[in-house]
$ cat query_26.csv   # CSV, C-alpha atoms
chain,number,residue,atom,x,y,z
B,1,MET,CA,10.3,13.2,15.4
B,2,ARG,CA,6.5,13.4,15.6
B,3,HIS,CA,6.0,9.9,14.2
B,4,THR,CA,7.5,7.3,11.9
B,5,ALA,CA,6.7,7.2,8.3
B,6,ALA,CA,6.1,3.5,8.4
B,7,ALA,CA,3.5,3.7,11.2
B,8,LEU,CA,1.5,6.2,9.3
B,9,CYS,CA,1.7,4.4,6.1
B,10,LEU,CA,0.6,1.1,7.7
B,11,THR,CA,-2.4,2.8,9.3
B,12,ALA,CA,-3.5,4.4,6.1
B,13,VAL,CA,-3.1,1.3,3.9
B,14,THR,CA,-4.7,-1.1,6.3
B,15,ALA,CA,-7.6,1.3,6.8
B,16,SER,CA,-8.1,1.6,3.1
B,17,LEU,CA,-8.0,-2.1,2.5
B,18,ALA,CA,-10.3,-2.8,5.4
B,19,LEU,CA,-13.0,-0.5,4.1
B,20,THR,CA,-12.8,-2.0,0.6
B,21,ALA,CA,-12.7,-5.6,1.9
B,22,CYS,CA,-15.7,-5.2,4.3
B,23,GLY,CA,-18.0,-3.0,2.3
B,24,SER,CA,-21.7,-2.6,3.3
B,25,GLU,CA,-23.7,-5.2,5.1
B,26,LYS,CA,-26.6,-5.0,2.6
B,27,PRO,CA,-25.8,-6.6,-0.8
B,28,ASP,CA,-26.5,-4.6,-3.9
B,29,ALA,CA,-27.9,-5.8,-7.2
B,30,ALA,CA,-25.5,-6.7,-10.0
B,31,GLY,CA,-24.7,-4.0,-12.5
B,32,GLY,CA,-23.2,-0.5,-12.3
B,33,ASP,CA,-20.5,1.3,-14.2
B,34,ALA,CA,-16.8,0.9,-13.6
B,35,LYS,CA,-14.7,4.1,-13.3
B,36,GLY,CA,-11.0,4.8,-13.1
B,37,LYS,CA,-7.8,5.0,-15.1
B,38,ALA,CA,-8.0,1.6,-16.7
B,39,HIS,CA,-9.0,1.3,-20.4
B,40,GLN,CA,-12.5,-0.3,-20.7
B,41,SER,CA,-13.2,-2.7,-23.5
B,42,ALA,CA,-16.0,-1.5,-25.8
B,43,GLY,CA,-19.2,-3.5,-25.6
B,44,ALA,CA,-18.3,-5.7,-22.7
B,45,THR,CA,-21.1,-6.5,-20.3
B,46,ALA,CA,-21.3,-8.3,-17.0
B,47,GLU,CA,-23.2,-11.2,-18.7
B,48,ARG,CA,-20.6,-11.7,-21.4
B,49,ALA,CA,-17.6,-10.8,-19.3
B,50,PRO,CA,-15.4,-13.1,-17.3
B,51,PHE,CA,-16.9,-14.2,-14.0
B,52,ALA,CA,-20.3,-14.2,-15.6
B,53,ASP,CA,-21.6,-17.0,-13.4
B,54,LEU,CA,-20.4,-15.4,-10.2
B,55,SER,CA,-21.9,-12.7,-8.0
B,56,GLY,CA,-20.0,-9.6,-6.9
B,57,GLN,CA,-19.5,-11.1,-3.5
B,58,GLU,CA,-18.1,-14.3,-5.0
B,59,ILE,CA,-15.7,-12.4,-7.2
B,60,VAL,CA,-14.4,-10.3,-4.3
B,61,ASP,CA,-14.0,-13.5,-2.2
B,62,ARG,CA,-11.9,-15.1,-4.9
B,63,ALA,CA,-9.8,-12.0,-5.4
B,64,LEU,CA,-9.1,-11.5,-1.7
B,65,LYS,CA,-8.3,-15.1,-1.2
B,66,ALA,CA,-5.8,-15.1,-4.1
B,67,THR,CA,-4.3,-11.8,-2.9
B,68,ARG,CA,-4.0,-13.1,0.6
B,69,SER,CA,-2.1,-16.2,-0.6
B,70,ALA,CA,0.6,-14.1,-2.4
B,71,THR,CA,4.1,-14.7,-1.2
B,72,SER,CA,5.1,-11.2,-2.3
B,73,LEU,CA,3.7,-8.1,-4.0
B,74,THR,CA,4.4,-4.4,-4.6
B,75,LEU,CA,2.0,-1.6,-3.5
B,76,LYS,CA,2.0,1.6,-5.5
B,77,GLY,CA,-0.2,4.6,-5.3
B,78,SER,CA,-1.7,7.3,-3.2
B,79,VAL,CA,-3.2,6.6,0.2
B,80,PRO,CA,-5.0,9.3,2.3
B,81,ASP,CA,-5.1,9.5,6.1
B,82,ASP,CA,-6.0,12.2,8.6
B,83,GLU,CA,-2.9,14.3,7.8
B,84,GLY,CA,-2.9,14.2,4.0
B,85,THR,CA,-1.8,11.8,1.3
B,86,ILE,CA,1.0,9.2,1.4
B,87,GLU,CA,2.6,8.2,-1.9
B,88,LEU,CA,4.0,4.7,-1.7
B,89,ASP,CA,6.0,2.4,-3.9
B,90,LEU,CA,6.9,-0.6,-1.7
B,91,ALA,CA,7.6,-4.3,-2.4
B,92,LEU,CA,7.2,-6.7,0.5
B,93,ASP,CA,7.0,-10.4,1.2
B,94,ARG,CA,6.1,-13.1,3.7
B,95,GLU,CA,9.6,-13.1,5.1
B,96,GLY,CA,9.4,-9.6,6.4
B,97,HIS,CA,11.6,-8.1,3.6
B,98,CYS,CA,10.6,-4.8,2.0
B,99,ALA,CA,12.1,-2.2,-0.2
B,100,GLY,CA,10.8,1.1,-1.6
B,101,THR,CA,9.9,4.6,-0.9
B,102,LEU,CA,7.2,6.5,1.1
B,103,GLY,CA,6.3,10.1,0.1
B,104,MET,CA,4.9,11.9,3.1
B,105,TYR,CA,2.2,14.4,2.5
B,106,GLY,CA,4.2,16.3,-0.1
B,107,GLU,CA,6.7,17.1,2.7
B,108,GLY,CA,9.5,14.8,1.7
B,109,GLU,CA,10.4,11.2,1.1
B,110,VAL,CA,11.6,8.2,3.1
B,111,GLY,CA,13.6,5.3,1.5
B,112,LEU,CA,13.1,2.0,3.2
B,113,ILE,CA,14.8,-1.4,3.1
B,114,ARG,CA,14.3,-4.3,5.5
B,115,THR,CA,16.5,-7.4,5.3
B,116,ASP,CA,16.3,-10.5,7.7
B,117,ASP,CA,17.5,-8.6,10.7
B,118,THR,CA,18.2,-5.0,9.8
B,119,VAL,CA,16.2,-2.0,8.8
B,120,TYR,CA,17.7,0.7,6.5
B,121,MET,CA,16.1,4.2,6.2
B,122,LYS,CA,17.0,7.3,4.2
B,123,PHE,CA,15.3,10.6,4.9
B,124,ASP,CA,15.5,13.6,2.5
B,125,GLU,CA,15.9,17.1,3.8
B,126,ALA,CA,12.3,18.1,3.3
B,127,TYR,CA,11.1,15.2,5.4
B,128,LEU,CA,13.5,15.9,8.2
B,129,ARG,CA,12.6,19.6,8.4
B,130,SER,CA,8.9,18.7,8.4
B,131,GLU,CA,9.4,16.3,11.3
B,132,GLY,CA,11.5,18.9,13.1
B,133,LYS,CA,8.6,21.4,13.4
B,134,GLY,CA,8.6,22.9,16.9
B,135,GLN,CA,12.3,22.4,17.5
B,136,SER,CA,14.9,25.1,17.3
B,137,LYS,CA,16.5,25.9,13.9
B,138,SER,CA,19.9,24.8,15.2
B,139,GLU,CA,18.5,21.4,16.3
B,140,VAL,CA,16.8,20.8,13.0
B,141,ASP,CA,19.9,21.9,11.0
B,142,GLY,CA,22.0,19.5,13.1
B,143,VAL,CA,19.7,16.6,12.2
B,144,VAL,CA,19.6,17.5,8.6
B,145,ASP,CA,23.4,17.8,8.4
B,146,MET,CA,23.8,14.4,10.0
B,147,LEU,CA,21.0,12.4,8.3
B,148,ALA,CA,19.7,14.0,5.1
B,149,ASP,CA,20.0,11.7,2.0
B,150,ARG,CA,22.0,9.2,4.0
B,151,TRP,CA,21.2,5.6,4.7
B,152,VAL,CA,20.9,4.8,8.4
B,153,LYS,CA,20.5,1.3,9.8
B,154,THR,CA,19.2,-0.3,13.0
B,155,GLY,CA,18.3,-3.8,14.2
B,156,ALA,CA,14.9,-5.0,13.0
B,157,ASP,CA,13.9,-5.7,16.6
B,158,SER,CA,15.0,-2.3,18.0
B,159,ASP,CA,12.5,0.3,19.2
B,160,ASP,CA,13.4,2.6,16.3
B,161,ALA,CA,12.5,-0.1,13.8
B,162,LYS,CA,9.4,-1.5,15.5
B,163,ASP,CA,6.8,0.3,13.3
B,164,VAL,CA,8.8,-0.3,10.2
B,165,ALA,CA,9.2,-4.0,10.9
B,166,ASP,CA,5.4,-4.2,11.4
B,167,PHE,CA,4.7,-2.5,8.1
B,168,CYS,CA,7.0,-4.9,6.2
B,169,ASP,CA,4.9,-7.8,7.4
B,170,LEU,CA,2.7,-8.9,4.5
B,171,ASP,CA,0.6,-11.1,6.7
B,172,LYS,CA,-0.4,-8.1,8.9
B,173,LEU,CA,-1.0,-5.9,5.9
B,174,LEU,CA,-3.5,-8.4,4.4
B,175,ALA,CA,-5.1,-9.5,7.7
B,176,ASP,CA,-8.3,-7.6,7.0
B,177,PHE,CA,-8.9,-9.8,3.9
B,178,ASP,CA,-9.6,-12.8,6.1
B,179,ASP,CA,-13.3,-12.1,7.0
B,180,THR,CA,-15.1,-10.2,4.3
B,181,ARG,CA,-18.7,-9.3,3.4
B,182,SER,CA,-19.1,-7.4,0.2
B,183,ALA,CA,-21.9,-5.4,-1.6
B,184,ALA,CA,-19.8,-5.1,-4.8
B,185,ARG,CA,-21.6,-4.5,-8.0
B,186,LYS,CA,-20.4,-6.3,-11.1
B,187,GLY,CA,-18.9,-4.0,-13.8
B,188,GLU,CA,-17.1,-4.6,-17.1
B,189,ALA,CA,-14.1,-6.3,-18.7
B,190,THR,CA,-11.1,-4.0,-18.9
B,191,THR,CA,-7.3,-4.0,-18.7
B,192,VAL,CA,-4.9,-2.7,-16.1
B,193,ASP,CA,-1.5,-2.0,-17.4
B,194,GLY,CA,-2.0,-4.6,-20.1
B,195,THR,CA,-3.4,-7.3,-17.8
B,196,PRO,CA,-7.0,-8.4,-18.6
B,197,ALA,CA,-9.2,-7.5,-15.7
B,198,PHE,CA,-12.8,-7.2,-14.5
B,199,THR,CA,-14.2,-4.3,-12.5
B,200,LEU,CA,-16.4,-4.2,-9.4
B,201,THR,CA,-17.8,-1.1,-7.6
B,202,GLU,CA,-18.6,-0.7,-4.0
B,203,ALA,CA,-19.8,2.0,-1.7
B,204,GLU,CA,-18.8,2.8,1.9
B,205,GLY,CA,-20.6,5.9,3.2
B,206,LYS,CA,-19.8,8.7,0.7
B,207,ASP,CA,-16.9,6.8,-0.8
B,208,ARG,CA,-17.2,5.0,-4.0
B,209,TYR,CA,-14.6,2.3,-4.7
B,210,THR,CA,-13.7,0.6,-7.9
B,211,LEU,CA,-11.9,-2.8,-7.7
B,212,TYR,CA,-10.0,-4.3,-10.6
B,213,VAL,CA,-9.5,-8.1,-10.5
B,214,ALA,CA,-7.3,-10.2,-12.9
B,215,THR,CA,-9.2,-12.5,-15.2
B,216,GLU,CA,-6.2,-14.5,-16.4
B,217,GLY,CA,-4.2,-16.7,-14.0
B,218,LYS,CA,-5.0,-16.2,-10.4
B,219,PRO,CA,-7.8,-13.6,-9.7
B,220,TYR,CA,-5.4,-11.2,-8.0
B,221,LEU,CA,-6.6,-7.8,-6.9
B,222,LEU,CA,-4.8,-5.4,-9.3
B,223,ARG,CA,-6.1,-2.0,-8.2
B,224,ILE,CA,-8.3,-0.1,-5.8
B,225,GLU,CA,-9.5,3.4,-6.7
B,226,ASN,CA,-11.6,5.9,-4.8
B,227,THR,CA,-12.1,9.0,-6.9
B,228,THR,CA,-15.1,10.4,-5.1
B,229,ALA,CA,-13.3,10.9,-1.7
B,230,LYS,CA,-12.1,14.3,-0.6
B,231,GLN,CA,-8.6,12.9,-0.8
B,232,PRO,CA,-8.7,10.4,-3.8
B,233,GLU,CA,-6.8,7.2,-3.5
B,234,ASP,CA,-5.4,4.8,-6.0
B,235,ILE,CA,-3.5,1.7,-5.0
B,236,SER,CA,-2.1,-0.8,-7.4
B,237,PHE,CA,-1.0,-4.3,-6.6
B,238,THR,CA,1.8,-5.6,-8.9
B,239,ASP,CA,4.8,-8.0,-9.1
B,240,TYR,CA,2.9,-10.9,-7.4
B,241,GLY,CA,5.4,-13.6,-6.4
B,242,LYS,CA,8.5,-11.7,-7.5
B,243,PRO,CA,11.6,-11.4,-5.2
B,244,VAL,CA,11.7,-8.3,-3.2
B,245,PRO,CA,14.9,-6.2,-4.0
B,246,ALA,CA,15.9,-5.8,-0.4
B,247,VAL,CA,19.6,-5.3,-1.1
B,248,PRO,CA,21.4,-3.5,1.7
B,249,PRO,CA,23.3,-0.3,0.8
B,250,ALA,CA,27.1,-0.5,0.9
B,251,ASP,CA,28.5,-0.3,4.4
B,252,LYS,CA,30.5,2.9,3.5
B,253,ASP,CA,27.2,4.7,2.8
B,254,VAL,CA,25.4,3.7,6.0
B,255,LEU,CA,25.3,5.3,9.5
B,256,ASP,CA,24.7,2.7,12.2
B,257,LEU,CA,22.1,4.2,14.6
B,258,ASP,CA,22.7,1.4,17.2
B,259,LYS,CA,26.3,2.6,17.6
B,260,LEU,CA,25.4,6.3,18.2
$ encode --input "query_26.csv" --output "structure tokens"
Amino acid sequence: MRHTAAALCLTAVTASLALTACGSEKPDAAGGDAKGKAHQSAGATAERAPFADLSGQEIVDRALKATRSATSLTLKGSVPDDEGTIELDLALDREGHCAGTLGMYGEGEVGLIRTDDTVYMKFDEAYLRSEGKGQSKSEVDGVVDMLADRWVKTGADSDDAKDVADFCDLDKLLADFDDTRSAARKGEATTVDGTPAFTLTEAEGKDRYTLYVATEGKPYLLRIENTTAKQPEDISFTDYGKPVPAVPPADKDVLDLDKL
């Protein structure tokens, strides 16, 4: 195969988070409009909204610190990279467990589960055929017949699972949140899927990001949106602190790659 789904997804997500976390080196004045899918509360202003006594940089610092401290979370949304857009729905935790799906550029889907010492993957036919470009039809057909819509497993420390294991590492995913400088503008009070939130906007070149931060409980990052990019992105952060459903498939439904 040309590459692994997990490696691409890790690259795309960390690049997106790094851009949003670092921002511009020149701070902007407070103000600006919030954009995105969340419903904005009528009449809310930066002065009357939550975090009224904090600057945009201070709000971002608190949000990234809270998010960085999470023991688990779920990432959902669309993340662009050089080859297109990845659709992800993945729960992961500090122990290296993860479970969910990766949609690869509209060319198929990969299911993923990582337990303590094993990685399980399931590739649909569209993904396998996409990855088999350049190979003979008989070779690709053989791979599809053997692997399509079937769980396979391998040791988490094996070469086949190396990139997947890295992606399931929450510490690595949030590493770019450690050292931030932000030029975020304060926005408005709003809600994200029913959770009270506050918006901030930030620019990086031609990209314009909107960040949504929880205003009740810990100031977790709830969503990052970039609607001005050539390939729009929208990443939601949910299920903070909830157990990751990394339940292995039944043995009868799994092909052991290490024994092939």
$ atom_distance --input "query_26.csv" --atom1 "CA of Glu131 (chain B)" --atom2 "CA of Asp169 (chain B)"
24.8 Å
$ closest_residue --input "query_26.csv" --among "B:Gly84, B:Gly142, B:Gly111, B:Gly106" --to "Ala126 (chain B)" --atoms "only C-alpha atoms"
B:Gly106
$ residues_around --input "query_26.csv" --residues "Ser130 (chain B)" --least-positions-apart "3" --cutoff "8 Å" --atoms "all atoms listed in the file" --output "PyMOL selection string"
chain B and resi 107-108+126-127+133
$ residues_around --input "query_26.csv" --residues "region 102-104 of chain B" --least-positions-apart "5" --cutoff "7 Å" --atoms "only C-alpha atoms" --output "JSON, numbers by chain"
{"B": [85, 86, 87, 88, 89, 109, 110, 111]}
$ atom_distance --input "query_26.csv" --atom1 "CA of Gly194 (chain B)" --atom2 "CA of Tyr240 (chain B)"
15.0 Å
$ closest_residue --input "query_26.csv" --among "B:Trp151, B:Glu202, B:Lys122, B:Ala91" --to "Asp239 (chain B)" --atoms "all atoms listed in the file"
B:Ala91
$ closest_residue --input "query_26.csv" --among "B:Phe237, B:Ser158, B:Asp256, B:Phe123" --to "Val144 (chain B)" --atoms "all atoms listed in the file"
B:Phe123
$ closest_residue --input "query_26.csv" --among "B:Leu92, B:Leu112, B:Leu54, B:Val140" --to "Ser72 (chain B)" --atoms "all atoms listed in the file"
B:Leu92
$ atom_distance --input "query_26.csv" --atom1 "CA of Tyr220 (chain B)" --atom2 "CA of Arg94 (chain B)"
16.5 Å
$ closest_residue --input "query_26.csv" --among "B:Asp160, B:Ala148, B:Tyr105, B:Asp251" --to "Pro80 (chain B)" --atoms "all atoms listed in the file"
B:Tyr105
$ closest_atom_pairs --input "query_26.csv" --of "region 155-202 of chain B" --to "region 56-62 of chain B" --cutoff "9 Å" --atoms "all atoms listed in the file" --output "JSON lines"
{"residue": "B:Phe177", "atom": "CA", "partner": "B:Asp61", "partner_atom": "CA", "distance": 8.8}
{"residue": "B:Thr180", "atom": "CA", "partner": "B:Asp61", "partner_atom": "CA", "distance": 7.4}
{"residue": "B:Arg181", "atom": "CA", "partner": "B:Gln57", "partner_atom": "CA", "distance": 7.2}
{"residue": "B:Ser182", "atom": "CA", "partner": "B:Gln57", "partner_atom": "CA", "distance": 5.2}
{"residue": "B:Ala183", "atom": "CA", "partner": "B:Gln57", "partner_atom": "CA", "distance": 6.5}
{"residue": "B:Ala184", "atom": "CA", "partner": "B:Gly56", "partner_atom": "CA", "distance": 5.0}
{"residue": "B:Arg185", "atom": "CA", "partner": "B:Gly56", "partner_atom": "CA", "distance": 5.5}
{"residue": "B:Lys186", "atom": "CA", "partner": "B:Gly56", "partner_atom": "CA", "distance": 5.4}
{"residue": "B:Gly187", "atom": "CA", "partner": "B:Gly56", "partner_atom": "CA", "distance": 9.0}
{"residue": "B:Leu200", "atom": "CA", "partner": "B:Gly56", "partner_atom": "CA", "distance": 7.0}
{"residue": "B:Thr201", "atom": "CA", "partner": "B:Gly56", "partner_atom": "CA", "distance": 8.8}
$ write_last_selection --input "query_26.csv" --atoms "C-alpha atoms" --output "short mmCIF file (atom, residue, chain, number, x, y, z; two decimals), keeping the file's coordinate frame"
data_model
loop_
_atom_site.label_atom_id
_atom_site.label_comp_id
_atom_site.auth_asym_id
_atom_site.auth_seq_id
_atom_site.Cartn_x
_atom_site.Cartn_y
_atom_site.Cartn_z
CA PHE B 177 -8.90 -9.80 3.90
CA THR B 180 -15.10 -10.20 4.30
CA ARG B 181 -18.70 -9.30 3.40
CA SER B 182 -19.10 -7.40 0.20
CA ALA B 183 -21.90 -5.40 -1.60
CA ALA B 184 -19.80 -5.10 -4.80
CA ARG B 185 -21.60 -4.50 -8.00
CA LYS B 186 -20.40 -6.30 -11.10
CA GLY B 187 -18.90 -4.00 -13.80
CA LEU B 200 -16.40 -4.20 -9.40
CA THR B 201 -17.80 -1.10 -7.60
#
$ residues_near_point --input "query_26.csv" --point "(1.9, -6.8, -9.2)" --cutoff "12 Å" --atoms "all atoms listed in the file" --output "PDB file with C-alpha atoms, keeping the file's coordinate frame"
ATOM      1  CA  THR B  67      -4.300 -11.800  -2.900  1.00  0.00           C
ATOM      2  CA  ALA B  70       0.600 -14.100  -2.400  1.00  0.00           C
ATOM      3  CA  THR B  71       4.100 -14.700  -1.200  1.00  0.00           C
ATOM      4  CA  SER B  72       5.100 -11.200  -2.300  1.00  0.00           C
ATOM      5  CA  LEU B  73       3.700  -8.100  -4.000  1.00  0.00           C
ATOM      6  CA  THR B  74       4.400  -4.400  -4.600  1.00  0.00           C
ATOM      7  CA  LEU B  75       2.000  -1.600  -3.500  1.00  0.00           C
ATOM      8  CA  LYS B  76       2.000   1.600  -5.500  1.00  0.00           C
ATOM      9  CA  ASP B  89       6.000   2.400  -3.900  1.00  0.00           C
ATOM     10  CA  LEU B  90       6.900  -0.600  -1.700  1.00  0.00           C
ATOM     11  CA  ALA B  91       7.600  -4.300  -2.400  1.00  0.00           C
ATOM     12  CA  LEU B  92       7.200  -6.700   0.500  1.00  0.00           C
ATOM     13  CA  VAL B 192      -4.900  -2.700 -16.100  1.00  0.00           C
ATOM     14  CA  ASP B 193      -1.500  -2.000 -17.400  1.00  0.00           C
ATOM     15  CA  GLY B 194      -2.000  -4.600 -20.100  1.00  0.00           C
ATOM     16  CA  THR B 195      -3.400  -7.300 -17.800  1.00  0.00           C
ATOM     17  CA  VAL B 213      -9.500  -8.100 -10.500  1.00  0.00           C
ATOM     18  CA  ALA B 214      -7.300 -10.200 -12.900  1.00  0.00           C
ATOM     19  CA  LYS B 218      -5.000 -16.200 -10.400  1.00  0.00           C
ATOM     20  CA  PRO B 219      -7.800 -13.600  -9.700  1.00  0.00           C
ATOM     21  CA  TYR B 220      -5.400 -11.200  -8.000  1.00  0.00           C
ATOM     22  CA  LEU B 221      -6.600  -7.800  -6.900  1.00  0.00           C
ATOM     23  CA  LEU B 222      -4.800  -5.400  -9.300  1.00  0.00           C
ATOM     24  CA  ARG B 223      -6.100  -2.000  -8.200  1.00  0.00           C
ATOM     25  CA  ILE B 235      -3.500   1.700  -5.000  1.00  0.00           C
ATOM     26  CA  SER B 236      -2.100  -0.800  -7.400  1.00  0.00           C
ATOM     27  CA  PHE B 237      -1.000  -4.300  -6.600  1.00  0.00           C
ATOM     28  CA  THR B 238       1.800  -5.600  -8.900  1.00  0.00           C
ATOM     29  CA  ASP B 239       4.800  -8.000  -9.100  1.00  0.00           C
ATOM     30  CA  TYR B 240       2.900 -10.900  -7.400  1.00  0.00           C
ATOM     31  CA  GLY B 241       5.400 -13.600  -6.400  1.00  0.00           C
ATOM     32  CA  LYS B 242       8.500 -11.700  -7.500  1.00  0.00           C
ATOM     33  CA  PRO B 243      11.600 -11.400  -5.200  1.00  0.00           C
ATOM     34  CA  VAL B 244      11.700  -8.300  -3.200  1.00  0.00           C
TER      35      VAL B 244
END
$ closest_residue --input "query_26.csv" --among "B:Asn226, B:Gly132, B:Asp207, B:His97" --to "Asp166 (chain B)" --atoms "all atoms listed in the file"
B:His97
$ residues_around --input "query_26.csv" --residues "Asp157 (chain B)" --least-positions-apart "2" --cutoff "12 Å" --atoms "only C-alpha atoms" --output "number ranges by chain"
B: 96, 114-119, 153-155, 159-166, 258
$ decode --input "query_26.csv" --residues "region 147-155 of chain B" --atoms "all heavy atoms" --output "tab-separated table (two decimals), in the first residue's frame"
chain	number	residue	atom	x	y	z
B	147	LEU	N	-9.14	-9.25	2.47
B	147	LEU	CA	-9.19	-8.27	3.56
B	147	LEU	C	-10.44	-7.41	3.64
B	147	LEU	O	-10.74	-6.87	4.71
B	147	LEU	CB	-7.98	-7.34	3.48
B	147	LEU	CG	-6.60	-7.98	3.60
B	147	LEU	CD1	-5.53	-6.90	3.49
B	147	LEU	CD2	-6.45	-8.75	4.90
B	148	ALA	N	-11.16	-7.20	2.57
B	148	ALA	CA	-12.26	-6.23	2.57
B	148	ALA	C	-13.29	-6.52	3.64
B	148	ALA	O	-13.77	-7.66	3.77
B	148	ALA	CB	-12.93	-6.19	1.20
B	149	ASP	N	-13.63	-5.48	4.42
B	149	ASP	CA	-14.66	-5.55	5.46
B	149	ASP	C	-14.40	-6.67	6.46
B	149	ASP	O	-15.34	-7.29	6.99
B	149	ASP	CB	-16.04	-5.73	4.80
B	149	ASP	CG	-16.39	-4.56	3.91
B	149	ASP	OD1	-16.12	-3.41	4.30
B	149	ASP	OD2	-16.90	-4.79	2.79
B	150	ARG	N	-13.15	-6.89	6.73
B	150	ARG	CA	-12.76	-7.96	7.67
B	150	ARG	C	-11.74	-7.39	8.65
B	150	ARG	O	-10.78	-6.73	8.25
B	150	ARG	CB	-12.14	-9.11	6.88
B	150	ARG	CG	-11.74	-10.31	7.69
B	150	ARG	CD	-11.16	-11.37	6.75
B	150	ARG	NE	-10.95	-12.64	7.42
B	150	ARG	CZ	-10.45	-13.72	6.82
B	150	ARG	NH1	-10.10	-13.66	5.53
B	150	ARG	NH2	-10.29	-14.84	7.48
B	151	TRP	N	-11.95	-7.65	9.91
B	151	TRP	CA	-10.99	-7.18	10.90
B	151	TRP	C	-9.69	-7.96	10.79
B	151	TRP	O	-9.70	-9.19	10.64
B	151	TRP	CB	-11.53	-7.33	12.32
B	151	TRP	CG	-12.55	-6.30	12.69
B	151	TRP	CD1	-13.90	-6.49	12.78
B	151	TRP	CD2	-12.31	-4.94	13.03
B	151	TRP	NE1	-14.52	-5.32	13.13
B	151	TRP	CE2	-13.56	-4.34	13.31
B	151	TRP	CE3	-11.17	-4.14	13.12
B	151	TRP	CZ2	-13.71	-3.01	13.66
B	151	TRP	CZ3	-11.30	-2.80	13.48
B	151	TRP	CH2	-12.56	-2.25	13.74
B	152	VAL	N	-8.56	-7.26	10.84
B	152	VAL	CA	-7.25	-7.88	10.92
B	152	VAL	C	-6.57	-7.34	12.18
B	152	VAL	O	-6.91	-6.26	12.66
B	152	VAL	CB	-6.40	-7.57	9.68
B	152	VAL	CG1	-7.06	-8.12	8.42
B	152	VAL	CG2	-6.13	-6.07	9.54
B	153	LYS	N	-5.65	-8.11	12.71
B	153	LYS	CA	-4.97	-7.65	13.92
B	153	LYS	C	-3.48	-7.88	13.80
B	153	LYS	O	-3.01	-8.75	13.05
B	153	LYS	CB	-5.51	-8.35	15.16
B	153	LYS	CG	-5.11	-9.81	15.32
B	153	LYS	CD	-5.61	-10.36	16.65
B	153	LYS	CE	-5.16	-11.81	16.86
B	153	LYS	NZ	-5.61	-12.34	18.17
B	154	THR	N	-2.73	-7.09	14.56
B	154	THR	CA	-1.29	-7.24	14.64
B	154	THR	C	-0.83	-6.67	15.98
B	154	THR	O	-1.55	-5.89	16.61
B	154	THR	CB	-0.59	-6.53	13.47
B	154	THR	OG1	0.81	-6.77	13.52
B	154	THR	CG2	-0.83	-5.03	13.52
B	155	GLY	N	0.34	-7.05	16.43
B	155	GLY	CA	0.87	-6.52	17.69
B	155	GLY	C	1.09	-5.03	17.61
B	155	GLY	O	1.51	-4.50	16.57
